[in-house]
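A.B. asks: Can you read through this structure? Questions will come right after.
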Number of protein chains: 2
Amino acid sequence: MTDEAHARRAGALDRILELSVLVNADMTQSLARDQLTVSRAHVLWELRHRGPSTQRVLADAMGVSARTITGLVDGLVATGFVTREPHPTDRRATLVTVTEHGAKITAAMESGQVEFASLLFDEFDAADLDRFVAGMDHVLAKLRAHIDPTAREIQ
Amino acid sequence: MTDEAHARRAGALDRILELSVLVNADMTQSLARDQLTVSRAHVLWELRHRGPSTQRVLADAMGVSARTITGLVDGLVATGFVTREPHPTDRRATLVTVTEHGAKITAAMESGQVEFASLLFDEFDAADLDRFVAGMDHVLAKLRAHIDPTAREIQ
DNA sequence: GCAATATAGTGAGGCCACCTCACAATGAGG
DNA sequence: CCTCATTGTGAGGTGGCCTCACTATATTGC
(Lines give C-alpha, C1' and ligand atoms only; values in the text may rest on other atoms or scores of the structure.)
Protein backbone atom coordinates (compact mmCIF):
# COMPACT_ATOMS: atom_id res chain seq x y z
CA MET A 1 0.00 0.00 0.00
CA THR A 2 2.77 2.42 0.87
CA ASP A 3 4.71 1.25 -2.13
CA GLU A 4 1.63 1.74 -4.21
CA ALA A 5 1.29 5.28 -2.91
CA HIS A 6 4.93 6.00 -3.60
CA ALA A 7 4.57 4.77 -7.14
CA ARG A 8 1.54 6.97 -7.75
CA ARG A 9 3.27 10.02 -6.42
CA ALA A 10 6.39 9.26 -8.41
CA GLY A 11 4.21 9.05 -11.49
CA ALA A 12 2.77 12.46 -10.75
CA LEU A 13 6.26 13.87 -10.32
CA ASP A 14 7.23 12.37 -13.64
CA ARG A 15 4.43 14.30 -15.27
CA ILE A 16 5.63 17.49 -13.70
CA LEU A 17 9.14 16.89 -14.92
CA GLU A 18 8.00 16.14 -18.41
CA LEU A 19 5.71 19.15 -18.41
CA SER A 20 8.61 21.32 -17.44
CA VAL A 21 10.71 20.01 -20.30
CA LEU A 22 7.95 20.33 -22.86
CA VAL A 23 6.91 23.82 -21.81
CA ASN A 24 10.47 24.95 -22.15
CA ALA A 25 10.82 23.35 -25.56
CA ASP A 26 7.60 24.90 -26.74
CA MET A 27 8.52 28.38 -25.55
CA THR A 28 11.98 28.19 -27.04
CA GLN A 29 10.60 27.00 -30.32
CA SER A 30 7.81 29.51 -30.66
CA LEU A 31 9.93 32.45 -29.51
CA ALA A 32 12.60 31.53 -32.02
CA ARG A 33 10.13 32.32 -34.78
CA ASP A 34 10.17 35.93 -33.59
CA GLN A 35 13.96 36.00 -33.25
CA LEU A 36 13.61 35.88 -29.49
CA THR A 37 14.94 33.73 -26.69
CA VAL A 38 13.17 32.90 -23.44
CA SER A 39 15.30 35.32 -21.43
CA ARG A 40 14.97 38.17 -23.90
CA ALA A 41 11.22 37.65 -24.00
CA HIS A 42 11.25 37.82 -20.23
CA VAL A 43 12.86 41.26 -20.45
CA LEU A 44 10.21 42.37 -22.93
CA TRP A 45 7.56 41.04 -20.60
CA GLU A 46 8.84 43.06 -17.68
CA LEU A 47 9.05 46.17 -19.82
CA ARG A 48 5.50 45.69 -20.99
CA HIS A 49 4.26 45.63 -17.42
CA ARG A 50 6.57 48.30 -16.00
CA GLY A 51 7.07 50.68 -18.85
CA PRO A 52 10.55 52.02 -19.64
CA SER A 53 12.87 50.78 -16.93
CA THR A 54 16.40 50.98 -15.75
CA GLN A 55 18.57 47.93 -16.26
CA ARG A 56 19.00 47.74 -12.52
CA VAL A 57 15.24 47.44 -12.10
CA LEU A 58 15.10 44.74 -14.74
CA ALA A 59 17.92 42.84 -13.07
CA ASP A 60 16.14 42.87 -9.72
CA ALA A 61 12.80 41.97 -11.28
CA MET A 62 14.27 38.98 -13.07
CA GLY A 63 16.54 37.90 -10.26
CA VAL A 64 19.61 38.08 -12.42
CA SER A 65 22.87 40.03 -12.27
CA ALA A 66 23.18 43.49 -13.75
CA ARG A 67 25.79 42.15 -16.12
CA THR A 68 23.36 39.63 -17.52
CA ILE A 69 20.83 42.36 -18.24
CA THR A 70 23.46 44.30 -20.14
CA GLY A 71 23.89 41.29 -22.41
CA LEU A 72 20.19 40.66 -22.87
CA VAL A 73 19.48 44.30 -23.65
CA ASP A 74 22.40 44.30 -26.10
CA GLY A 75 20.70 41.48 -27.94
CA LEU A 76 17.30 43.15 -27.90
CA VAL A 77 18.78 46.41 -29.17
CA ALA A 78 20.61 44.60 -31.96
CA THR A 79 17.38 42.93 -33.07
CA GLY A 80 15.36 46.12 -32.79
CA PHE A 81 13.04 45.25 -29.92
CA VAL A 82 14.15 47.96 -27.52
CA THR A 83 16.28 51.08 -27.37
CA ARG A 84 18.45 52.52 -24.63
CA GLU A 85 17.41 56.06 -23.78
CA PRO A 86 19.18 58.35 -21.38
CA HIS A 87 17.54 58.57 -17.99
CA PRO A 88 16.08 62.06 -17.55
CA THR A 89 17.52 62.67 -14.11
CA ASP A 90 20.16 60.03 -13.44
CA ARG A 91 22.97 60.18 -15.95
CA ARG A 92 24.41 56.86 -14.81
CA ALA A 93 21.29 54.99 -15.75
CA THR A 94 19.69 54.12 -19.08
CA LEU A 95 16.01 53.65 -19.66
CA VAL A 96 15.28 50.58 -21.68
CA THR A 97 12.29 51.31 -23.89
CA VAL A 98 10.29 49.00 -26.13
CA THR A 99 10.25 49.98 -29.80
CA GLU A 100 7.19 49.89 -31.98
CA HIS A 101 8.34 46.59 -33.39
CA GLY A 102 8.91 45.26 -29.89
CA ALA A 103 5.45 46.36 -28.82
CA LYS A 104 3.86 44.70 -31.81
CA ILE A 105 5.58 41.38 -31.16
CA THR A 106 4.85 41.54 -27.45
CA ALA A 107 1.18 42.17 -28.06
CA ALA A 108 1.09 39.25 -30.45
CA MET A 109 2.78 37.05 -27.86
CA GLU A 110 0.22 38.03 -25.30
CA SER A 111 -2.75 37.11 -27.43
CA GLY A 112 -0.94 33.98 -28.55
CA GLN A 113 -0.67 33.09 -24.88
CA VAL A 114 -4.42 33.28 -24.42
CA GLU A 115 -4.96 31.22 -27.52
CA PHE A 116 -2.49 28.66 -26.29
CA ALA A 117 -4.19 28.44 -22.92
CA SER A 118 -7.45 27.76 -24.71
CA LEU A 119 -5.82 25.03 -26.73
CA LEU A 120 -4.54 23.33 -23.60
CA PHE A 121 -7.67 23.66 -21.51
CA ASP A 122 -10.63 23.82 -23.85
CA GLU A 123 -11.81 20.39 -22.79
CA PHE A 124 -11.77 21.25 -19.10
CA ASP A 125 -15.05 22.40 -17.66
CA ALA A 126 -15.04 25.03 -14.94
CA ALA A 127 -14.87 22.48 -12.12
CA ASP A 128 -12.04 20.54 -13.77
CA LEU A 129 -10.10 23.71 -14.24
CA ASP A 130 -10.60 24.76 -10.66
CA ARG A 131 -9.43 21.43 -9.38
CA PHE A 132 -6.42 21.49 -11.66
CA VAL A 133 -5.48 24.99 -10.59
CA ALA A 134 -5.94 24.10 -6.94
CA GLY A 135 -3.64 21.11 -7.38
CA MET A 136 -1.08 23.24 -9.13
CA ASP A 137 -1.23 25.88 -6.43
CA HIS A 138 -0.66 23.26 -3.81
CA VAL A 139 2.36 21.88 -5.63
CA LEU A 140 3.69 25.36 -6.30
CA ALA A 141 3.46 26.28 -2.64
CA LYS A 142 5.37 23.15 -1.64
CA LEU A 143 7.95 23.78 -4.30
CA ARG A 144 8.52 27.37 -3.27
CA ALA A 145 8.95 26.33 0.32
CA HIS A 146 11.35 23.58 -0.73
CA ILE A 147 13.51 25.87 -2.82
CA ASP A 148 13.70 28.66 -0.30
CA PRO A 149 12.78 27.48 3.19
CA THR A 150 13.24 30.97 4.61
CA ALA A 151 10.50 32.37 2.36
CA ARG A 152 8.04 30.33 4.40
CA GLU A 153 8.75 32.30 7.52
CA ILE A 154 8.52 35.68 5.85
CA GLN A 155 5.03 35.01 4.63
CA MET B 1 -18.41 34.80 -19.83
CA THR B 2 -15.96 34.07 -22.58
CA ASP B 3 -13.61 36.62 -21.11
CA GLU B 4 -14.06 34.95 -17.78
CA ALA B 5 -13.19 31.60 -19.29
CA HIS B 6 -10.14 33.05 -21.00
CA ALA B 7 -8.94 34.54 -17.76
CA ARG B 8 -9.31 31.23 -15.94
CA ARG B 9 -7.40 29.39 -18.58
CA ALA B 10 -4.71 32.03 -18.67
CA GLY B 11 -4.39 31.63 -14.93
CA ALA B 12 -3.92 27.91 -15.33
CA LEU B 13 -1.25 28.48 -17.94
CA ASP B 14 0.49 30.89 -15.60
CA ARG B 15 0.70 28.12 -13.03
CA ILE B 16 2.23 25.80 -15.58
CA LEU B 17 4.80 28.39 -16.54
CA GLU B 18 5.72 29.07 -12.97
CA LEU B 19 5.88 25.37 -12.21
CA SER B 20 8.27 24.90 -15.05
CA VAL B 21 10.53 27.65 -13.76
CA LEU B 22 10.47 26.41 -10.19
CA VAL B 23 11.07 22.80 -11.08
CA ASN B 24 14.07 23.80 -13.07
CA ALA B 25 15.41 25.96 -10.28
CA ASP B 26 14.92 23.19 -7.76
CA MET B 27 16.67 20.59 -9.89
CA THR B 28 19.57 22.88 -10.65
CA GLN B 29 19.96 23.74 -7.01
CA SER B 30 19.74 20.25 -5.63
CA LEU B 31 21.98 18.75 -8.30
CA ALA B 32 24.59 21.41 -7.66
CA ARG B 33 25.04 19.95 -4.19
CA ASP B 34 26.32 16.77 -5.84
CA GLN B 35 28.51 18.69 -8.28
CA LEU B 36 26.11 17.89 -11.07
CA THR B 37 24.19 19.84 -13.67
CA VAL B 38 20.80 18.96 -15.10
CA SER B 39 22.27 17.73 -18.36
CA ARG B 40 24.97 15.68 -16.73
CA ALA B 41 22.41 14.13 -14.44
CA HIS B 42 20.37 13.28 -17.50
CA VAL B 43 23.35 11.38 -18.89
CA LEU B 44 23.71 9.51 -15.62
CA TRP B 45 20.01 8.75 -15.71
CA GLU B 46 20.23 7.22 -19.16
CA LEU B 47 23.24 5.17 -18.16
CA ARG B 48 21.42 3.90 -15.12
CA HIS B 49 18.61 2.61 -17.27
CA ARG B 50 20.63 1.38 -20.23
CA GLY B 51 23.85 0.23 -18.67
CA PRO B 52 27.20 1.12 -20.29
CA SER B 53 26.45 2.87 -23.57
CA THR B 54 28.22 4.45 -26.48
CA GLN B 55 28.11 8.20 -26.76
CA ARG B 56 26.14 7.84 -29.97
CA VAL B 57 23.39 6.01 -28.12
CA LEU B 58 23.33 8.64 -25.41
CA ALA B 59 23.11 11.42 -27.98
CA ASP B 60 20.13 9.82 -29.65
CA ALA B 61 18.45 9.05 -26.35
CA MET B 62 18.78 12.62 -25.17
CA GLY B 63 18.02 14.22 -28.50
CA VAL B 64 21.28 16.11 -28.55
CA SER B 65 24.26 16.23 -30.90
CA ALA B 66 27.15 13.80 -30.53
CA ARG B 67 29.42 16.75 -29.86
CA THR B 68 27.36 17.80 -26.88
CA ILE B 69 27.66 14.32 -25.38
CA THR B 70 31.40 14.47 -25.74
CA GLY B 71 31.37 17.60 -23.60
CA LEU B 72 28.98 16.25 -21.01
CA VAL B 73 30.92 13.01 -20.66
CA ASP B 74 34.14 15.02 -20.40
CA GLY B 75 32.63 16.78 -17.41
CA LEU B 76 31.37 13.58 -15.82
CA VAL B 77 34.76 11.92 -16.27
CA ALA B 78 36.52 14.92 -14.74
CA THR B 79 34.26 14.79 -11.71
CA GLY B 80 34.55 11.02 -11.39
CA PHE B 81 31.00 9.94 -12.18
CA VAL B 82 31.77 7.87 -15.25
CA THR B 83 34.67 6.41 -17.17
CA ARG B 84 35.25 5.88 -20.87
CA GLU B 85 35.98 2.25 -21.63
CA PRO B 86 36.97 0.85 -25.01
CA HIS B 87 34.13 -0.83 -26.84
CA PRO B 88 34.85 -4.58 -27.02
CA THR B 89 34.13 -4.93 -30.73
CA ASP B 90 33.96 -1.47 -32.28
CA ARG B 91 37.21 0.40 -31.91
CA ARG B 92 35.67 3.69 -32.98
CA ALA B 93 33.27 3.72 -30.08
CA THR B 94 33.69 4.17 -26.35
CA LEU B 95 31.49 2.71 -23.68
CA VAL B 96 30.54 5.22 -21.06
CA THR B 97 30.34 3.43 -17.72
CA VAL B 98 29.14 4.67 -14.36
CA THR B 99 31.74 4.54 -11.60
CA GLU B 100 31.02 3.40 -8.09
CA HIS B 101 30.77 6.98 -6.98
CA GLY B 102 28.41 7.74 -9.86
CA ALA B 103 26.25 4.79 -8.94
CA LYS B 104 26.08 5.86 -5.34
CA ILE B 105 25.00 9.37 -6.20
CA THR B 106 22.51 8.17 -8.77
CA ALA B 107 20.91 5.82 -6.31
CA ALA B 108 20.66 8.62 -3.78
CA MET B 109 19.06 10.85 -6.40
CA GLU B 110 16.53 8.19 -7.16
CA SER B 111 15.42 7.78 -3.59
CA GLY B 112 15.50 11.54 -3.15
CA GLN B 113 13.09 11.70 -6.04
CA VAL B 114 10.60 9.47 -4.28
CA GLU B 115 10.95 11.48 -1.11
CA PHE B 116 10.41 14.69 -3.02
CA ALA B 117 7.29 13.31 -4.67
CA SER B 118 5.95 12.50 -1.24
CA LEU B 119 6.66 16.00 -0.06
CA LEU B 120 4.74 17.49 -2.97
CA PHE B 121 1.77 15.17 -2.87
CA ASP B 122 1.39 13.93 0.67
CA GLU B 123 -1.78 15.95 1.18
CA PHE B 124 -3.45 14.57 -1.94
CA ASP B 125 -5.73 11.63 -1.37
CA ALA B 126 -5.91 8.93 -4.04
CA ALA B 127 -8.77 10.60 -5.88
CA ASP B 128 -7.07 14.00 -5.86
CA LEU B 129 -3.92 12.48 -7.20
CA ASP B 130 -5.76 10.66 -9.95
CA ARG B 131 -7.52 13.81 -11.03
CA PHE B 132 -4.31 15.76 -10.97
CA VAL B 133 -2.49 13.16 -13.03
CA ALA B 134 -5.36 12.98 -15.49
CA GLY B 135 -5.26 16.74 -15.91
CA MET B 136 -1.52 16.66 -16.40
CA ASP B 137 -1.80 13.88 -18.96
CA HIS B 138 -4.33 15.87 -20.89
CA VAL B 139 -2.13 18.95 -20.92
CA LEU B 140 0.92 16.88 -21.81
CA ALA B 141 -0.85 15.33 -24.76
CA LYS B 142 -1.90 18.72 -26.07
CA LEU B 143 1.57 20.07 -25.57
CA ARG B 144 3.23 17.20 -27.38
CA ALA B 145 0.88 17.64 -30.29
CA HIS B 146 1.52 21.36 -30.34
CA ILE B 147 5.27 21.03 -30.34
CA ASP B 148 5.43 18.35 -32.97
CA PRO B 149 2.20 18.17 -35.00
CA THR B 150 3.52 15.23 -37.02
CA ALA B 151 3.92 13.09 -33.91
CA ARG B 152 0.14 13.04 -33.65
CA GLU B 153 -0.19 11.13 -36.88
CA ILE B 154 2.48 8.60 -36.04
CA GLN B 155 0.71 7.58 -32.89
C1' DG C 1 31.14 72.84 -0.72
C1' DC C 2 33.55 68.74 -0.66
C1' DA C 3 35.15 64.22 0.62
C1' DA C 4 33.46 59.55 1.49
C1' DT C 5 30.39 56.22 0.05
C1' DA C 6 26.89 54.02 -2.76
C1' DT C 7 25.00 52.89 -7.21
C1' DA C 8 24.41 52.05 -12.65
C1' DG C 9 26.37 50.00 -16.22
C1' DT C 10 30.10 47.51 -18.69
C1' DG C 11 34.78 45.14 -19.92
C1' DA C 12 37.21 40.94 -18.92
C1' DG C 13 37.31 36.37 -17.98
C1' DG C 14 34.83 31.86 -16.85
C1' DC C 15 31.42 27.98 -16.73
C1' DC C 16 27.79 25.38 -18.97
C1' DA C 17 24.65 23.74 -22.79
C1' DC C 18 23.91 23.76 -27.44
C1' DC C 19 25.04 23.75 -32.59
C1' DT C 20 27.53 23.04 -37.21
C1' DC C 21 31.39 21.79 -39.95
C1' DA C 22 35.53 19.29 -40.90
C1' DC C 23 38.25 15.36 -40.11
C1' DA C 24 40.64 10.98 -38.55
C1' DA C 25 39.93 6.36 -37.41
C1' DT C 26 37.45 2.52 -38.12
C1' DG C 27 33.59 -0.62 -39.68
C1' DA C 28 30.78 -2.84 -43.26
C1' DG C 29 29.41 -4.13 -47.89
C1' DG C 30 30.38 -5.03 -52.40
C1' DC D 1 40.50 -3.73 -51.76
C1' DC D 2 37.71 0.13 -52.27
C1' DT D 3 33.89 2.83 -51.42
C1' DC D 4 30.57 4.56 -48.09
C1' DA D 5 28.77 5.05 -43.39
C1' DT D 6 29.61 5.83 -38.69
C1' DT D 7 32.01 7.26 -33.99
C1' DG D 8 34.01 10.63 -31.67
C1' DT D 9 36.35 15.09 -31.28
C1' DG D 10 38.78 19.74 -32.58
C1' DA D 11 37.53 24.29 -33.93
C1' DG D 12 34.59 27.95 -33.77
C1' DG D 13 30.02 30.16 -32.67
C1' DT D 14 25.55 31.51 -29.90
C1' DG D 15 23.27 32.28 -25.64
C1' DG D 16 22.54 32.49 -20.58
C1' DC D 17 24.66 32.96 -16.28
C1' DC D 18 28.32 34.60 -12.76
C1' DT D 19 32.12 37.36 -10.35
C1' DC D 20 35.47 40.95 -10.16
C1' DA D 21 37.33 45.34 -11.36
C1' DC D 22 36.50 49.86 -12.92
C1' DT D 23 34.25 54.37 -14.59
C1' DA D 24 30.95 57.75 -14.22
C1' DT D 25 27.73 59.60 -11.59
C1' DA D 26 24.59 60.15 -7.52
C1' DT D 27 24.03 60.86 -2.51
C1' DT D 28 25.25 61.71 2.12
C1' DG D 29 27.47 63.64 5.79
C1' DC D 30 30.30 66.61 7.75
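By convention in this document, the chains of the C-alpha coordinates carry letters A, B, ... by their order, each chain's residues are numbered from 1, and ligands are numbered from 1 in the order they are shown.
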Please, which residues in chain B fall within 12 Å of chain D when counting only C-alpha atoms (C1' of nucleotides), and what is the closest atom pair and distance in Å to one decimal for each, ordered by chain then residue number, as a Markdown table?
C.D. replies:
```
| residue | atom | partner | partner_atom | distance |
| --- | --- | --- | --- | --- |
| B:Thr54 | CA | D:DT7 | C1' | 8.9 |
| B:Gln55 | CA | D:DG8 | C1' | 8.0 |
| B:Arg56 | CA | D:DT7 | C1' | 7.1 |
| B:Val57 | CA | D:DT7 | C1' | 10.5 |
| B:Ala59 | CA | D:DT7 | C1' | 11.5 |
| B:Ser65 | CA | D:DG8 | C1' | 11.3 |
| B:Ala66 | CA | D:DG8 | C1' | 7.6 |
| B:Arg67 | CA | D:DT9 | C1' | 7.3 |
| B:Thr68 | CA | D:DT9 | C1' | 10.4 |
| B:Ile69 | CA | D:DG8 | C1' | 9.7 |
| B:Thr70 | CA | D:DT9 | C1' | 7.5 |
| B:Gly71 | CA | D:DT9 | C1' | 9.5 |
| B:Val73 | CA | D:DG8 | C1' | 11.7 |
| B:Asp74 | CA | D:DT9 | C1' | 11.1 |
| B:Arg84 | CA | D:DG8 | C1' | 11.9 |
| B:His87 | CA | D:DT7 | C1' | 11.0 |
| B:Asp90 | CA | D:DT7 | C1' | 9.1 |
| B:Arg91 | CA | D:DT7 | C1' | 8.9 |
| B:Arg92 | CA | D:DT7 | C1' | 5.2 |
| B:Ala93 | CA | D:DT7 | C1' | 5.4 |
| B:Thr94 | CA | D:DG8 | C1' | 8.4 |
| B:Leu95 | CA | D:DT7 | C1' | 11.3 |
```
A.B. asks: Convert the current residue selection to file output with N, CA and C atoms, as an mmCIF file, in the first residue's frame.
C.D. replies:
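File again_8.cif, as written:
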```cif
data_model
loop_
_atom_site.group_PDB
_atom_site.id
_atom_site.type_symbol
_atom_site.label_atom_id
_atom_site.label_comp_id
_atom_site.auth_asym_id
_atom_site.auth_seq_id
_atom_site.Cartn_x
_atom_site.Cartn_y
_atom_site.Cartn_z
ATOM 1 N N THR B 54 27.346 3.616 -25.658
ATOM 2 C CA THR B 54 28.224 4.448 -26.480
ATOM 3 C C THR B 54 27.675 5.870 -26.439
ATOM 4 N N GLN B 55 28.526 6.804 -26.780
ATOM 5 C CA GLN B 55 28.106 8.203 -26.762
ATOM 6 C C GLN B 55 27.024 8.440 -27.810
ATOM 7 N N ARG B 56 27.127 7.710 -28.900
ATOM 8 C CA ARG B 56 26.137 7.840 -29.968
ATOM 9 C C ARG B 56 24.746 7.505 -29.426
ATOM 10 N N VAL B 57 24.659 6.432 -28.693
ATOM 11 C CA VAL B 57 23.389 6.006 -28.117
ATOM 12 C C VAL B 57 22.846 7.065 -27.165
ATOM 13 N N ALA B 59 23.517 10.239 -27.202
ATOM 14 C CA ALA B 59 23.114 11.416 -27.976
ATOM 15 C C ALA B 59 21.706 11.227 -28.521
ATOM 16 N N SER B 65 23.239 16.602 -29.930
ATOM 17 C CA SER B 65 24.263 16.230 -30.895
ATOM 18 C C SER B 65 25.356 15.398 -30.235
ATOM 19 N N ALA B 66 26.074 14.642 -31.046
ATOM 20 C CA ALA B 66 27.152 13.802 -30.528
ATOM 21 C C ALA B 66 28.201 14.676 -29.851
ATOM 22 N N ARG B 67 28.422 15.842 -30.425
ATOM 23 C CA ARG B 67 29.422 16.747 -29.859
ATOM 24 C C ARG B 67 29.082 17.162 -28.438
ATOM 25 N N THR B 68 27.808 17.402 -28.216
ATOM 26 C CA THR B 68 27.363 17.802 -26.882
ATOM 27 C C THR B 68 27.631 16.694 -25.873
ATOM 28 N N ILE B 69 27.393 15.450 -26.277
ATOM 29 C CA ILE B 69 27.655 14.324 -25.381
ATOM 30 C C ILE B 69 29.137 14.246 -25.038
ATOM 31 N N THR B 70 29.967 14.481 -26.016
ATOM 32 C CA THR B 70 31.401 14.475 -25.740
ATOM 33 C C THR B 70 31.702 15.421 -24.575
ATOM 34 N N GLY B 71 31.136 16.616 -24.646
ATOM 35 C CA GLY B 71 31.368 17.597 -23.595
ATOM 36 C C GLY B 71 30.805 17.184 -22.254
ATOM 37 N N VAL B 73 30.159 14.143 -21.195
ATOM 38 C CA VAL B 73 30.921 13.009 -20.662
ATOM 39 C C VAL B 73 32.276 13.500 -20.164
ATOM 40 N N ASP B 74 32.887 14.430 -20.878
ATOM 41 C CA ASP B 74 34.139 15.018 -20.399
ATOM 42 C C ASP B 74 33.965 15.503 -18.957
ATOM 43 N N ARG B 84 35.376 6.268 -19.470
ATOM 44 C CA ARG B 84 35.250 5.878 -20.872
ATOM 45 C C ARG B 84 36.025 4.586 -21.043
ATOM 46 N N HIS B 87 35.195 0.072 -26.444
ATOM 47 C CA HIS B 87 34.125 -0.834 -26.841
ATOM 48 C C HIS B 87 34.760 -2.153 -27.254
ATOM 49 N N ASP B 90 33.868 -2.599 -31.346
ATOM 50 C CA ASP B 90 33.962 -1.470 -32.276
ATOM 51 C C ASP B 90 35.002 -0.484 -31.762
ATOM 52 N N ARG B 91 36.128 -0.423 -32.430
ATOM 53 C CA ARG B 91 37.212 0.401 -31.910
ATOM 54 C C ARG B 91 37.020 1.896 -32.134
ATOM 55 N N ARG B 92 35.959 2.261 -32.847
ATOM 56 C CA ARG B 92 35.667 3.689 -32.980
ATOM 57 C C ARG B 92 34.960 4.180 -31.720
ATOM 58 N N ALA B 93 34.175 3.314 -31.151
ATOM 59 C CA ALA B 93 33.269 3.719 -30.076
ATOM 60 C C ALA B 93 33.880 3.584 -28.690
ATOM 61 N N THR B 94 33.313 4.332 -27.750
ATOM 62 C CA THR B 94 33.695 4.174 -26.349
ATOM 63 C C THR B 94 32.436 3.849 -25.569
ATOM 64 N N LEU B 95 32.620 3.041 -24.539
ATOM 65 C CA LEU B 95 31.490 2.713 -23.679
ATOM 66 C C LEU B 95 31.570 3.581 -22.442
#
```
A.B. asks: First superpose chain A onto chain B using a least-squares fit over all Cα atoms taken in order; then report the RMSD in Å.
C.D. replies: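 Computed on C-alpha atoms only, the RMSD stands at 0.1 Å.
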A.B. asks: List the spatial neighbours of Leu76 (chain B) as a list in words - criterion: any atom at most 12 Å away, only C-alpha atoms (C1' of nucleotides), same-chain residues fewer than 6 positions off excluded.
C.D. replies: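 Everything that qualifies: Asp34, Gln35, Leu36, Thr37, Val38, Ser39, Arg40, Ala41, His42, Val43, Leu44, Leu47, Ile69, Thr70, Val82, Thr83, Arg84, Val96, Thr97, Val98, Thr99, His101 and Gly102 of chain B.
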A.B. asks: Output N, CA and C atoms of each residue in that selection to a file, as an mmCIF file, in the first residue's frame.
C.D. replies:
```cif
data_model
loop_
_atom_site.group_PDB
_atom_site.id
_atom_site.type_symbol
_atom_site.label_atom_id
_atom_site.label_comp_id
_atom_site.auth_asym_id
_atom_site.auth_seq_id
_atom_site.Cartn_x
_atom_site.Cartn_y
_atom_site.Cartn_z
ATOM 1 N N ASP B 34 25.544 17.971 -5.492
ATOM 2 C CA ASP B 34 26.319 16.774 -5.838
ATOM 3 C C ASP B 34 27.313 17.053 -6.965
ATOM 4 N N GLN B 35 27.581 18.333 -7.212
ATOM 5 C CA GLN B 35 28.515 18.686 -8.280
ATOM 6 C C GLN B 35 27.995 18.259 -9.642
ATOM 7 N N LEU B 36 26.682 18.291 -9.796
ATOM 8 C CA LEU B 36 26.111 17.887 -11.070
ATOM 9 C C LEU B 36 25.300 19.024 -11.684
ATOM 10 N N THR B 37 25.094 18.926 -12.985
ATOM 11 C CA THR B 37 24.188 19.844 -13.669
ATOM 12 C C THR B 37 23.013 19.013 -14.165
ATOM 13 N N VAL B 38 21.977 19.664 -14.620
ATOM 14 C CA VAL B 38 20.797 18.958 -15.095
ATOM 15 C C VAL B 38 21.157 18.035 -16.259
ATOM 16 N N SER B 39 21.928 18.540 -17.194
ATOM 17 C CA SER B 39 22.274 17.731 -18.361
ATOM 18 C C SER B 39 23.160 16.545 -18.006
ATOM 19 N N ARG B 40 24.097 16.786 -17.140
ATOM 20 C CA ARG B 40 24.974 15.675 -16.733
ATOM 21 C C ARG B 40 24.183 14.624 -15.970
ATOM 22 N N ALA B 41 23.252 15.079 -15.167
ATOM 23 C CA ALA B 41 22.410 14.129 -14.439
ATOM 24 C C ALA B 41 21.567 13.320 -15.419
ATOM 25 N N HIS B 42 21.153 13.977 -16.489
ATOM 26 C CA HIS B 42 20.374 13.279 -17.501
ATOM 27 C C HIS B 42 21.202 12.144 -18.117
ATOM 28 N N VAL B 43 22.468 12.423 -18.365
ATOM 29 C CA VAL B 43 23.350 11.379 -18.894
ATOM 30 C C VAL B 43 23.409 10.217 -17.909
ATOM 31 N N LEU B 44 23.623 10.539 -16.660
ATOM 32 C CA LEU B 44 23.708 9.510 -15.622
ATOM 33 C C LEU B 44 22.419 8.685 -15.584
ATOM 34 N N LEU B 47 22.298 6.260 -18.395
ATOM 35 C CA LEU B 47 23.239 5.174 -18.163
ATOM 36 C C LEU B 47 22.686 4.196 -17.135
ATOM 37 N N ILE B 69 27.393 15.450 -26.277
ATOM 38 C CA ILE B 69 27.655 14.324 -25.381
ATOM 39 C C ILE B 69 29.137 14.246 -25.038
ATOM 40 N N THR B 70 29.967 14.481 -26.016
ATOM 41 C CA THR B 70 31.401 14.475 -25.740
ATOM 42 C C THR B 70 31.702 15.421 -24.575
ATOM 43 N N VAL B 82 31.741 8.914 -14.234
ATOM 44 C CA VAL B 82 31.767 7.865 -15.249
ATOM 45 C C VAL B 82 33.195 7.689 -15.765
ATOM 46 N N THR B 83 33.396 6.598 -16.480
ATOM 47 C CA THR B 83 34.673 6.408 -17.172
ATOM 48 C C THR B 83 34.371 6.060 -18.620
ATOM 49 N N ARG B 84 35.376 6.268 -19.470
ATOM 50 C CA ARG B 84 35.250 5.878 -20.872
ATOM 51 C C ARG B 84 36.025 4.586 -21.043
ATOM 52 N N VAL B 96 30.559 4.387 -22.251
ATOM 53 C CA VAL B 96 30.537 5.221 -21.057
ATOM 54 C C VAL B 96 29.957 4.374 -19.934
ATOM 55 N N THR B 97 30.705 4.305 -18.826
ATOM 56 C CA THR B 97 30.338 3.427 -17.722
ATOM 57 C C THR B 97 30.292 4.204 -16.421
ATOM 58 N N VAL B 98 29.279 3.975 -15.641
ATOM 59 C CA VAL B 98 29.138 4.668 -14.362
ATOM 60 C C VAL B 98 30.141 4.110 -13.356
ATOM 61 N N THR B 99 30.811 4.988 -12.645
ATOM 62 C CA THR B 99 31.738 4.544 -11.600
ATOM 63 C C THR B 99 30.944 4.212 -10.335
ATOM 64 N N HIS B 101 31.227 5.693 -7.501
ATOM 65 C CA HIS B 101 30.773 6.985 -6.976
ATOM 66 C C HIS B 101 29.522 7.451 -7.726
ATOM 67 N N GLY B 102 29.572 7.333 -9.051
ATOM 68 C CA GLY B 102 28.411 7.736 -9.859
ATOM 69 C C GLY B 102 27.183 6.944 -9.480
#
```
A.B. asks: Tell me, counting only C-alpha atoms (C1' of nucleotides), for each residue of chain C within 12 Å of chain B, which pair of atoms is nearest and how far apart they are in Å to one decimal, in rows ordered by chain and increasing number, as a Markdown table.
C.D. replies:
```
| residue | atom | partner | partner_atom | distance |
| --- | --- | --- | --- | --- |
| C:DC15 | C1' | B:Gly75 | CA | 11.3 |
| C:DC16 | C1' | B:Thr37 | CA | 8.5 |
| C:DA17 | C1' | B:Thr68 | CA | 7.7 |
| C:DC18 | C1' | B:Thr68 | CA | 6.9 |
| C:DC19 | C1' | B:Ser65 | CA | 7.7 |
| C:DT20 | C1' | B:Ser65 | CA | 9.8 |
| C:DC21 | C1' | B:Arg67 | CA | 11.5 |
| C:DA24 | C1' | B:Arg92 | CA | 10.4 |
| C:DA25 | C1' | B:Arg92 | CA | 6.7 |
| C:DT26 | C1' | B:Arg92 | CA | 5.6 |
| C:DG27 | C1' | B:Asp90 | CA | 7.5 |
| C:DA28 | C1' | B:Asp90 | CA | 11.5 |
```
A.B. asks: Would you kindly report the residues of chain B within 10 Å of chain A, using only C-alpha atoms, as a VMD selection string?
C.D. replies: chain B and resid 5 to 27 29 to 30 113 to 126 128 to 144 146 to 148
